[in-house]
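A.B. asks: Below is the file coords_10.txt, which contains compact mmCIF, C-alpha atoms.
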# COMPACT_ATOMS: atom_id res chain seq x y z
CA MET A 4 125.82 -29.17 -200.97
CA ALA A 5 127.20 -25.70 -201.63
CA GLY A 6 123.65 -24.45 -202.26
CA ALA A 7 122.40 -25.94 -198.98
CA SER A 8 125.29 -24.34 -197.09
CA THR A 9 124.51 -20.94 -198.63
CA PHE A 10 120.81 -21.27 -197.82
CA LEU A 11 121.49 -22.20 -194.18
CA SER A 12 124.01 -19.38 -193.87
CA ILE A 13 121.35 -16.92 -195.01
CA LEU A 14 118.87 -18.36 -192.49
CA ALA A 15 121.49 -18.08 -189.73
CA ILE A 16 122.26 -14.47 -190.72
CA SER A 17 118.54 -13.64 -190.52
CA GLN A 18 118.35 -15.09 -187.00
CA LEU A 19 121.49 -13.20 -185.98
CA ALA A 20 119.98 -9.99 -187.35
CA PHE A 21 116.84 -10.58 -185.27
CA LEU A 22 118.95 -11.25 -182.15
CA ALA A 23 121.01 -8.09 -182.73
CA LEU A 24 117.87 -5.98 -183.23
CA TYR A 25 116.13 -7.48 -180.20
CA THR A 26 119.04 -7.00 -177.77
CA TYR A 27 119.79 -3.49 -179.00
CA THR A 28 116.16 -2.38 -178.89
CA ASN A 29 115.24 -3.89 -175.52
CA MET A 30 118.44 -4.24 -173.50
CA ARG A 31 121.08 -1.85 -174.83
CA SER A 32 121.43 -0.32 -171.34
CA HIS A 33 123.12 -3.56 -170.23
CA ARG A 34 126.82 -3.80 -171.02
CA VAL A 35 126.61 -7.55 -171.59
CA ALA A 36 123.68 -7.12 -173.99
CA ARG A 37 125.72 -4.62 -176.01
CA LEU A 38 128.45 -7.24 -176.27
CA VAL A 39 125.87 -9.72 -177.54
CA PHE A 40 124.93 -7.18 -180.21
CA LEU A 41 128.58 -6.82 -181.26
CA PHE A 42 129.07 -10.58 -181.21
CA THR A 43 126.10 -11.15 -183.54
CA ILE A 44 127.56 -8.59 -185.98
CA CYS A 45 130.93 -10.36 -185.96
CA LEU A 46 129.41 -13.82 -186.37
CA ALA A 47 127.13 -12.61 -189.19
CA SER A 48 130.19 -11.14 -190.90
CA PHE A 49 131.86 -14.55 -190.76
CA LEU A 50 128.88 -16.10 -192.52
CA LEU A 51 128.50 -13.25 -195.03
CA ALA A 52 132.15 -13.50 -196.06
CA ARG A 53 131.52 -17.09 -197.16
CA LEU A 54 128.56 -16.32 -199.43
CA PRO A 55 129.46 -16.65 -203.14
CA PHE A 56 127.71 -13.42 -204.20
CA ILE A 57 129.60 -11.39 -201.56
CA ASP A 58 133.06 -12.44 -202.70
CA ASP A 59 134.35 -9.26 -204.40
CA GLY A 60 137.96 -9.64 -203.30
CA GLY A 61 137.99 -5.98 -202.21
CA LEU A 62 136.84 -3.65 -199.45
CA VAL A 63 133.67 -5.56 -198.59
CA ASN A 64 135.51 -8.83 -198.03
CA SER A 65 138.27 -7.10 -196.08
CA THR A 66 135.71 -5.44 -193.79
CA LEU A 67 133.78 -8.67 -193.24
CA GLY A 68 137.01 -10.56 -192.62
CA ALA A 69 138.14 -8.01 -190.03
CA LEU A 70 134.81 -8.20 -188.19
CA ALA A 71 134.80 -12.01 -188.39
CA SER A 72 138.28 -12.15 -186.85
CA LEU A 73 136.88 -10.31 -183.81
CA THR A 74 134.39 -13.10 -183.05
CA PRO A 75 136.41 -15.18 -180.54
CA ALA A 76 137.72 -12.09 -178.75
CA VAL A 77 134.25 -10.56 -178.39
CA LEU A 78 132.84 -13.88 -177.17
CA TRP A 79 135.58 -14.05 -174.53
CA VAL A 80 134.99 -10.47 -173.32
CA PHE A 81 131.26 -11.26 -173.22
CA ALA A 82 131.82 -14.40 -171.14
CA VAL A 83 134.14 -12.58 -168.73
CA SER A 84 131.58 -9.80 -168.26
CA LEU A 85 128.78 -12.32 -167.82
CA PHE A 86 130.39 -14.67 -165.32
CA MET A 87 132.99 -12.64 -163.45
CA ASP A 88 130.66 -9.78 -162.41
CA ASP A 89 133.52 -7.35 -162.97
CA GLU A 90 133.66 -4.06 -164.82
CA ARG A 91 137.31 -4.58 -165.75
CA ILE A 92 138.61 -7.05 -168.28
CA PRO A 93 141.64 -9.08 -167.04
CA GLY A 94 144.93 -7.70 -168.30
CA TYR A 95 146.21 -11.05 -169.53
CA GLY A 96 143.23 -11.36 -171.87
CA LEU A 97 143.63 -7.86 -173.24
CA GLY A 98 147.33 -8.54 -173.78
CA LEU A 99 146.59 -11.69 -175.76
CA ILE A 100 144.00 -9.88 -177.85
CA VAL A 101 146.46 -7.06 -178.64
CA LEU A 102 149.11 -9.62 -179.59
CA TYR A 103 146.59 -11.40 -181.81
CA PHE A 104 145.68 -8.26 -183.74
CA SER A 105 149.31 -7.20 -184.00
CA LEU A 106 150.26 -10.50 -185.63
CA GLN A 107 147.16 -10.36 -187.82
CA THR A 108 148.14 -6.89 -188.99
CA ILE A 109 151.63 -8.11 -189.85
CA GLY A 110 150.13 -10.99 -191.83
CA ILE A 111 147.84 -8.64 -193.78
CA ALA A 112 150.78 -6.34 -194.53
CA LEU A 113 152.88 -9.26 -195.80
CA SER A 114 150.04 -10.38 -198.05
CA TYR A 115 149.48 -6.86 -199.35
CA LEU A 116 153.18 -6.48 -200.14
CA ALA A 117 153.21 -9.95 -201.75
CA VAL A 118 156.07 -11.02 -199.50
CA GLU A 119 156.75 -14.72 -199.67
CA ARG A 120 156.25 -16.32 -196.26
CA GLY A 121 158.65 -18.83 -194.87
CA ARG A 122 157.89 -21.46 -192.25
CA LEU A 123 158.61 -19.05 -189.37
CA ALA A 124 156.35 -16.36 -190.82
CA TYR A 125 153.56 -18.92 -191.21
CA VAL A 126 153.88 -19.89 -187.56
CA LEU A 127 153.88 -16.27 -186.36
CA VAL A 128 151.07 -14.81 -188.46
CA GLU A 129 148.86 -17.88 -188.81
CA LEU A 130 149.38 -20.47 -186.07
CA VAL A 131 150.11 -18.20 -183.09
CA PRO A 132 147.00 -15.98 -183.61
CA MET A 133 144.89 -19.10 -184.13
CA PHE A 134 146.13 -20.65 -180.86
CA ILE A 135 145.50 -17.39 -179.00
CA MET A 136 141.87 -17.30 -180.12
CA LEU A 137 141.57 -21.05 -179.55
CA GLY A 138 142.79 -20.62 -175.99
CA LEU A 139 140.31 -17.80 -175.31
CA SER A 140 137.48 -19.89 -176.80
CA VAL A 141 138.35 -22.89 -174.61
CA HIS A 142 138.41 -20.52 -171.62
CA VAL A 143 134.90 -19.40 -172.61
CA ILE A 144 133.70 -23.02 -172.42
CA TYR A 145 135.36 -23.40 -169.00
CA MET A 146 133.75 -20.19 -167.69
CA GLY A 147 130.36 -21.36 -168.94
CA MET A 148 130.65 -24.72 -167.18
CA GLU A 149 131.92 -23.16 -163.96
CA GLY A 150 129.32 -20.41 -164.11
CA ARG A 151 126.50 -22.89 -164.48
CA MET A 152 127.46 -24.46 -161.17
CA ALA A 153 127.64 -21.12 -159.35
CA ASP A 154 124.60 -19.35 -160.79
CA LEU A 155 121.54 -19.40 -158.53
CA VAL A 156 119.00 -17.95 -160.98
CA GLU A 157 117.34 -20.89 -162.70
CA GLU A 158 116.36 -18.96 -165.83
CA ARG A 159 119.96 -17.93 -166.41
CA ARG A 160 121.27 -21.43 -165.72
CA ARG A 161 118.92 -22.89 -168.33
CA ILE A 162 119.73 -20.43 -171.08
CA ARG A 163 122.83 -18.31 -170.78
CA MET A 164 125.26 -21.09 -169.82
CA PRO A 165 124.33 -23.31 -172.78
CA PHE A 166 124.36 -20.15 -174.89
CA VAL A 167 128.01 -19.51 -174.05
CA ILE A 168 129.19 -23.13 -173.91
CA ILE A 169 127.68 -24.13 -177.26
CA MET A 170 128.96 -21.01 -179.01
CA GLY A 171 132.40 -21.56 -177.51
CA ILE A 172 132.44 -25.09 -178.91
CA VAL A 173 131.33 -23.83 -182.34
CA ILE A 174 134.06 -21.16 -182.37
CA VAL A 175 136.70 -23.74 -181.41
CA PHE A 176 135.52 -25.93 -184.26
CA VAL A 177 135.55 -22.99 -186.69
CA LEU A 178 139.08 -22.01 -185.67
CA LEU A 179 140.40 -25.54 -186.11
CA PHE A 180 138.67 -25.82 -189.47
CA GLY A 181 140.09 -22.46 -190.54
CA ALA A 182 143.58 -23.60 -189.60
CA MET A 183 143.10 -26.78 -191.61
CA VAL A 184 141.91 -24.84 -194.68
CA THR A 185 144.87 -22.46 -194.44
CA PHE A 186 147.32 -25.32 -194.13
CA VAL A 187 145.85 -27.11 -197.16
CA ASN A 188 145.84 -23.93 -199.25
CA VAL A 189 149.47 -23.18 -198.39
CA TYR A 190 151.05 -26.62 -198.54
CA SER A 191 148.76 -28.82 -200.64
CA GLN A 192 149.83 -29.48 -204.20
CA ALA A 193 146.33 -30.58 -205.26
CA GLU A 194 144.05 -28.21 -207.12
CA GLY A 195 140.88 -27.17 -205.34
CA GLU A 196 139.70 -28.04 -201.84
CA PRO A 197 138.79 -31.50 -200.55
CA ALA A 198 135.05 -32.28 -200.77
CA ILE A 199 134.89 -32.73 -197.01
CA PHE A 200 135.46 -29.00 -196.54
CA GLU A 201 132.08 -28.09 -198.00
CA PHE A 202 130.41 -30.63 -195.73
CA ILE A 203 132.12 -29.08 -192.70
CA ARG A 204 130.94 -25.63 -193.77
CA LEU A 205 127.41 -27.00 -193.97
CA ILE A 206 127.68 -28.38 -190.43
CA ILE A 207 128.96 -25.01 -189.16
CA SER A 208 126.04 -23.19 -190.82
CA ILE A 209 123.54 -25.63 -189.31
CA ALA A 210 125.07 -25.25 -185.83
CA ILE A 211 125.01 -21.44 -185.92
CA PHE A 212 121.46 -21.37 -187.30
CA LEU A 213 120.07 -23.77 -184.67
CA TRP A 214 121.97 -22.06 -181.85
CA THR A 215 120.64 -18.62 -182.80
CA LEU A 216 117.11 -19.86 -183.44
CA LEU A 217 116.89 -21.57 -180.03
CA LEU A 218 118.32 -18.52 -178.29
CA ASN A 219 115.80 -16.24 -179.98
CA LEU A 220 112.94 -18.55 -179.01
CA SER A 221 114.19 -18.60 -175.41
CA LEU A 222 114.44 -14.81 -175.24
CA PHE A 223 111.00 -14.41 -176.76
CA SER A 224 109.48 -16.87 -174.27
CA LEU A 225 110.90 -14.86 -171.35
CA ARG A 226 109.82 -11.52 -172.84
CA ASN A 227 109.86 -9.02 -169.96
CA GLU A 228 112.31 -11.15 -167.96
CA SER A 229 114.84 -11.57 -170.78
CA ALA A 230 117.03 -8.76 -169.43
CA LEU A 231 117.64 -11.01 -166.42
CA LEU A 232 119.93 -13.14 -168.58
CA PHE A 233 122.36 -10.25 -169.00
CA GLU A 234 122.32 -8.77 -165.51
CA ASN A 235 125.28 -9.31 -163.21
CA ALA A 236 124.95 -10.04 -159.52
CA PRO A 237 124.42 -6.85 -157.46
CA ASN A 238 125.83 -6.31 -153.99
CA VAL A 239 123.63 -7.76 -151.25
CA ASP A 240 123.21 -6.70 -147.62
CA VAL A 241 122.50 -9.96 -145.84
CA ASP A 242 122.02 -8.15 -142.52
CA LYS A 243 118.68 -6.95 -143.86
CA VAL A 244 117.61 -10.59 -144.09
CA TYR A 245 119.35 -12.35 -141.21
CA HIS A 246 119.28 -9.58 -138.64
CA SER A 247 116.13 -7.59 -139.25
CA LYS A 248 112.48 -7.61 -138.27
CA GLN A 249 111.83 -9.91 -141.19
CA GLU A 250 114.01 -12.70 -139.74
CA GLU A 251 111.33 -14.35 -137.60
CA LYS A 252 108.80 -14.24 -140.42
CA LEU A 253 111.27 -15.71 -142.92
CA ASN A 254 112.23 -18.51 -140.53
CA ARG A 255 108.58 -19.42 -140.08
CA GLU A 256 108.13 -19.52 -143.85
CA ASP A 257 111.31 -21.44 -144.52
CA PRO A 258 113.30 -22.94 -141.60
CA LEU A 259 116.09 -23.68 -144.07
CA ILE A 260 117.18 -20.03 -143.80
CA GLU A 261 118.14 -20.47 -140.15
CA ARG A 262 120.07 -23.64 -140.99
CA ILE A 263 121.95 -21.75 -143.70
CA ARG A 264 122.76 -18.98 -141.23
CA ILE A 265 124.11 -21.46 -138.68
CA ALA A 266 126.26 -23.22 -141.28
CA MET A 267 127.73 -19.97 -142.57
CA GLU A 268 127.90 -17.73 -139.49
CA ASP A 269 128.33 -20.15 -136.59
CA GLU A 270 130.14 -23.04 -138.28
CA GLN A 271 131.95 -20.81 -140.82
CA ARG A 272 131.74 -23.36 -143.63
CA TYR A 273 132.71 -20.65 -146.10
CA ARG A 274 136.29 -21.02 -144.87
CA GLU A 275 136.61 -24.29 -146.78
CA THR A 276 138.54 -23.68 -150.01
CA GLY A 277 136.57 -24.89 -153.01
CA PHE A 278 133.31 -25.03 -151.03
CA THR A 279 130.38 -25.47 -153.46
CA ILE A 280 126.63 -25.30 -153.31
CA THR A 281 126.62 -29.08 -153.81
CA GLY A 282 128.68 -29.42 -150.63
CA LEU A 283 126.40 -27.09 -148.70
CA ALA A 284 123.31 -28.98 -149.88
CA ALA A 285 124.86 -32.25 -148.70
CA GLU A 286 125.79 -30.66 -145.37
CA LEU A 287 122.22 -29.45 -144.82
CA SER A 288 120.65 -32.63 -146.28
CA VAL A 289 118.42 -30.69 -148.67
CA PRO A 290 117.96 -30.94 -152.45
CA GLU A 291 120.41 -28.70 -154.25
CA GLN A 292 117.65 -27.07 -156.32
CA ARG A 293 115.74 -26.09 -153.19
CA LEU A 294 118.90 -24.60 -151.69
CA ARG A 295 119.59 -22.62 -154.88
CA THR A 296 116.04 -21.24 -154.85
CA THR A 297 116.19 -20.30 -151.16
CA ILE A 298 119.53 -18.48 -151.40
CA ASN A 299 118.36 -16.67 -154.52
CA LYS A 300 114.75 -15.85 -153.70
CA LYS A 301 114.92 -15.36 -149.93
CA LEU A 302 118.46 -14.05 -149.38
CA GLY A 303 118.81 -12.12 -152.63
CA PHE A 304 121.99 -13.65 -154.03
CA ARG A 305 122.25 -14.48 -157.73
CA ASN A 306 125.60 -16.23 -157.61
CA PHE A 307 127.00 -18.73 -155.10
CA ASN A 308 130.47 -17.19 -155.29
CA GLN A 309 128.91 -13.86 -154.35
CA PHE A 310 127.23 -15.65 -151.43
CA LEU A 311 130.57 -17.05 -150.21
CA ASN A 312 132.40 -13.77 -150.78
CA TYR A 313 129.96 -11.97 -148.52
CA TYR A 314 131.00 -14.03 -145.50
CA ARG A 315 134.66 -14.26 -146.42
CA VAL A 316 135.09 -10.53 -146.94
CA LEU A 317 133.06 -9.74 -143.80
CA GLU A 318 135.43 -11.77 -141.61
CA ALA A 319 138.49 -10.54 -143.50
CA ALA A 320 137.52 -6.90 -142.94
CA GLU A 321 137.18 -7.54 -139.21
CA LYS A 322 140.60 -9.25 -139.06
CA LEU A 323 142.22 -6.45 -141.05
CA SER A 324 140.87 -3.91 -138.57
CA ASN A 325 141.68 -5.84 -135.38
CA SER A 326 144.90 -7.73 -136.10
CA GLU A 327 148.33 -7.32 -137.66
CA ASP A 328 148.23 -10.67 -139.49
CA PRO A 329 149.63 -10.57 -143.03
CA ILE A 330 146.96 -9.96 -145.66
CA GLY A 331 147.89 -13.17 -147.49
CA ASN A 332 147.37 -15.22 -144.32
CA ILE A 333 143.98 -13.62 -143.73
CA ALA A 334 142.92 -14.37 -147.29
CA MET A 335 143.81 -18.05 -146.96
CA GLU A 336 142.22 -18.30 -143.52
CA VAL A 337 138.81 -17.08 -144.71
CA GLY A 338 138.75 -19.46 -147.68
CA TYR A 339 140.51 -17.88 -150.66
CA ASN A 340 143.10 -19.91 -152.54
CA SER A 341 144.82 -16.88 -154.05
CA LEU A 342 145.57 -13.34 -152.95
CA SER A 343 144.39 -11.90 -156.27
CA SER A 344 140.91 -13.43 -155.83
CA PHE A 345 140.71 -11.99 -152.32
CA ASN A 346 141.83 -8.52 -153.45
CA LYS A 347 139.26 -8.52 -156.23
CA ALA A 348 136.38 -9.59 -153.97
CA PHE A 349 137.38 -7.15 -151.22
CA ARG A 350 137.65 -4.24 -153.65
CA GLU A 351 134.23 -5.01 -155.11
CA SER A 352 132.69 -5.10 -151.64
CA HIS A 353 134.46 -2.17 -149.96
CA GLY A 354 135.52 -0.02 -152.89
CA MET A 355 139.18 -0.23 -151.95
CA PRO A 356 141.93 -2.89 -151.70
CA PRO A 357 142.46 -4.59 -148.31
CA ARG A 358 145.79 -2.81 -147.70
CA GLN A 359 144.12 0.57 -148.04
CA TRP A 360 141.24 -0.59 -145.85
CA ARG A 361 143.67 -1.54 -143.08
CA SER A 362 145.47 1.83 -143.20
CA ARG A 363 142.38 4.01 -143.70
CA GLU A 364 142.51 5.41 -140.14
Please render this file's structure as structure tokens.

C.D. replies:
Amino acid sequence: MAGASTFLSILAISQLAFLALYTYTNMRSHRVARLVFLFTICLASFLLARLPFIDDGGLVNSTLGALASLTPAVLWVFAVSLFMDDERIPGYGLGLIVLYFSLQTIGIALSYLAVERGRLAYVLVELVPMFIMLGLSVHVIYMGMEGRMADLVEERRRIRMPFVIIMGIVIVFVLLFGAMVTFVNVYSQAEGEPAIFEFIRLIISIAIFLWTLLLNLSLFSLRNESALLFENAPNVDVDKVYHSKQEEKLNREDPLIERIRIAMEDEQRYRETGFTITGLAAELSVPEQRLRTTINKKLGFRNFNQFLNYYRVLEAAEKLSNSEDPIGNIAMEVGYNSLSSFNKAFRESHGMPPRQWRSRE
């Protein structure tokens, strides 16, 4: 079984190397693609560190171990960049990552100094970092599931959401397995590892190999359109569609566009907190897939949240200019359930926070 695990690890590393080379060669101008490149390096390091002929107990293993420990953090930053359409990484995530590496550094120092660890030290340098990375990995799975519902580009929905969700699940499994191995090595009185551990390593190698192989095949099948998977949603000027010379032509081609306009502009359905594309499809009595295609292909939106934010921010900007209502009240009135979400969307649209927008004159 050990031989099979090693063989599959080598196959997985070869697929990761191909993915890293492909993304760097063809899409390195995209920030998200560069994160994919870094993620493949970290994941390959995790697999390399487990190969029997790599185990030198020195600098090579230390370097591979350090890169492997980055894997959950890089995956989280990648998912945030992919699904949140934001140039900035949330402060809470960066804080957790800094805490993780700080505790990891303390653990390495204790090992280097051969300091005997008590129960408290074990919790701080082993369990707490593991739970931090576990939490970020679970958040990755959540972002992938939520992003799949909001994304309007069918190619991205088919590939990049499963890409993130499956890898998030694998990383969670790896972290839990790593915690189990550490616990057994520290507290078990038996010599050697249980036989089940090698079987679990085999399953992990198979999962990573299949995941990478399928992703490579998907990217290759898209070829010139593969960069689409790593592009975030650009700003859209809906006025060019709804209120231009093209409006009459578009309505003749697809009357659904006028029904969307009425629902959003006249009926202001975007004000409903938690409003989804499923709800809009039910309201308009059209298949959800057709609605996704229309909003994406005809109106130019790539993300349903971006679609909602357009209307919400448009009304909010008007209220900020023409009323003295508190900003928090305006945010809730136009459909946001938190002031931070409103501030973020407004800043992305107008280049400044709503308070500055109100006092700009």

A.B. asks: When distances are computed from all atoms listed in the file, which of A:Gly98, A:Lys300, A:Leu220, A:Phe81 shows the smallest separation from Met146 of chain A?

C.D. replies: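 Looking only at the distances to Met146 of chain A, the closest residue turns out to be A:Phe81.
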
A.B. asks: One number please: atom CA of Tyr103 of chain A to atom CA of Leu22 of chain A, in Å, one decimal.

C.D. replies: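 Atom CA of Leu22 of chain A lies at a distance of 27.6 Å from atom CA of Tyr103 of chain A.
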
A.B. asks: Please write as an mmCIF file with C-alpha atoms, in the frame of the given file the list of polymer residues whose atoms come within 7 Å of (134.4, -12.2, -189.3), counting only C-alpha atoms and keeping to the coordinates of the file.

C.D. replies:
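And here's result.cif as it stands now:
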data_model
loop_
_atom_site.group_PDB
_atom_site.id
_atom_site.type_symbol
_atom_site.label_atom_id
_atom_site.label_comp_id
_atom_site.auth_asym_id
_atom_site.auth_seq_id
_atom_site.Cartn_x
_atom_site.Cartn_y
_atom_site.Cartn_z
ATOM 1 C CA CYS A 45 130.930 -10.360 -185.960
ATOM 2 C CA LEU A 46 129.410 -13.820 -186.370
ATOM 3 C CA SER A 48 130.190 -11.140 -190.900
ATOM 4 C CA PHE A 49 131.860 -14.550 -190.760
ATOM 5 C CA LEU A 67 133.780 -8.670 -193.240
ATOM 6 C CA GLY A 68 137.010 -10.560 -192.620
ATOM 7 C CA ALA A 69 138.140 -8.010 -190.030
ATOM 8 C CA LEU A 70 134.810 -8.200 -188.190
ATOM 9 C CA ALA A 71 134.800 -12.010 -188.390
ATOM 10 C CA SER A 72 138.280 -12.150 -186.850
ATOM 11 C CA LEU A 73 136.880 -10.310 -183.810
ATOM 12 C CA THR A 74 134.390 -13.100 -183.050
#

A.B. asks: For a quick check of understanding, using all atoms listed in the file, which of A:Ile174, A:Ile209, A:Val156, A:Ile330 has the smallest distance to Gly303 of chain A?

C.D. replies: A:Val156

A.B. asks: Quick one: of A:Met267, A:Met355, A:Ala82, A:Val177, who's nearest to Glu318 of chain A, counting only C-alpha atoms?

C.D. replies: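 Of the candidates, the smallest distance to Glu318 of chain A is held by A:Met267.
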
A.B. asks: So what do you get for atom CA of Phe21 of chain A versus atom CA of Asn219 of chain A, distance-wise?

C.D. replies: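 Distance reported for this atom pair: 7.8 Å.
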
A.B. asks: Just how far from atom CA of Ala52 of chain A is atom CA of Asn64 of chain A, in Å to one decimal?

C.D. replies: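 Result for atom CA of Asn64 of chain A versus atom CA of Ala52 of chain A: 6.1 Å, one decimal.
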
A.B. asks: Pick from A:Val77, A:Met183, A:Ile13, A:Leu54: nearest to Leu38 of chain A, with only C-alpha atoms counted?

C.D. replies: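 The answer is A:Val77, which sits nearest to Leu38 of chain A.
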
A.B. asks: Using all atoms listed in the file, collect all residues at a distance of at most 12 Å from (124.8, -4.5, -179.1) as written in the file, then present them as a PyMOL selection string.

C.D. replies: chain A and resi 19-45+77+81+233
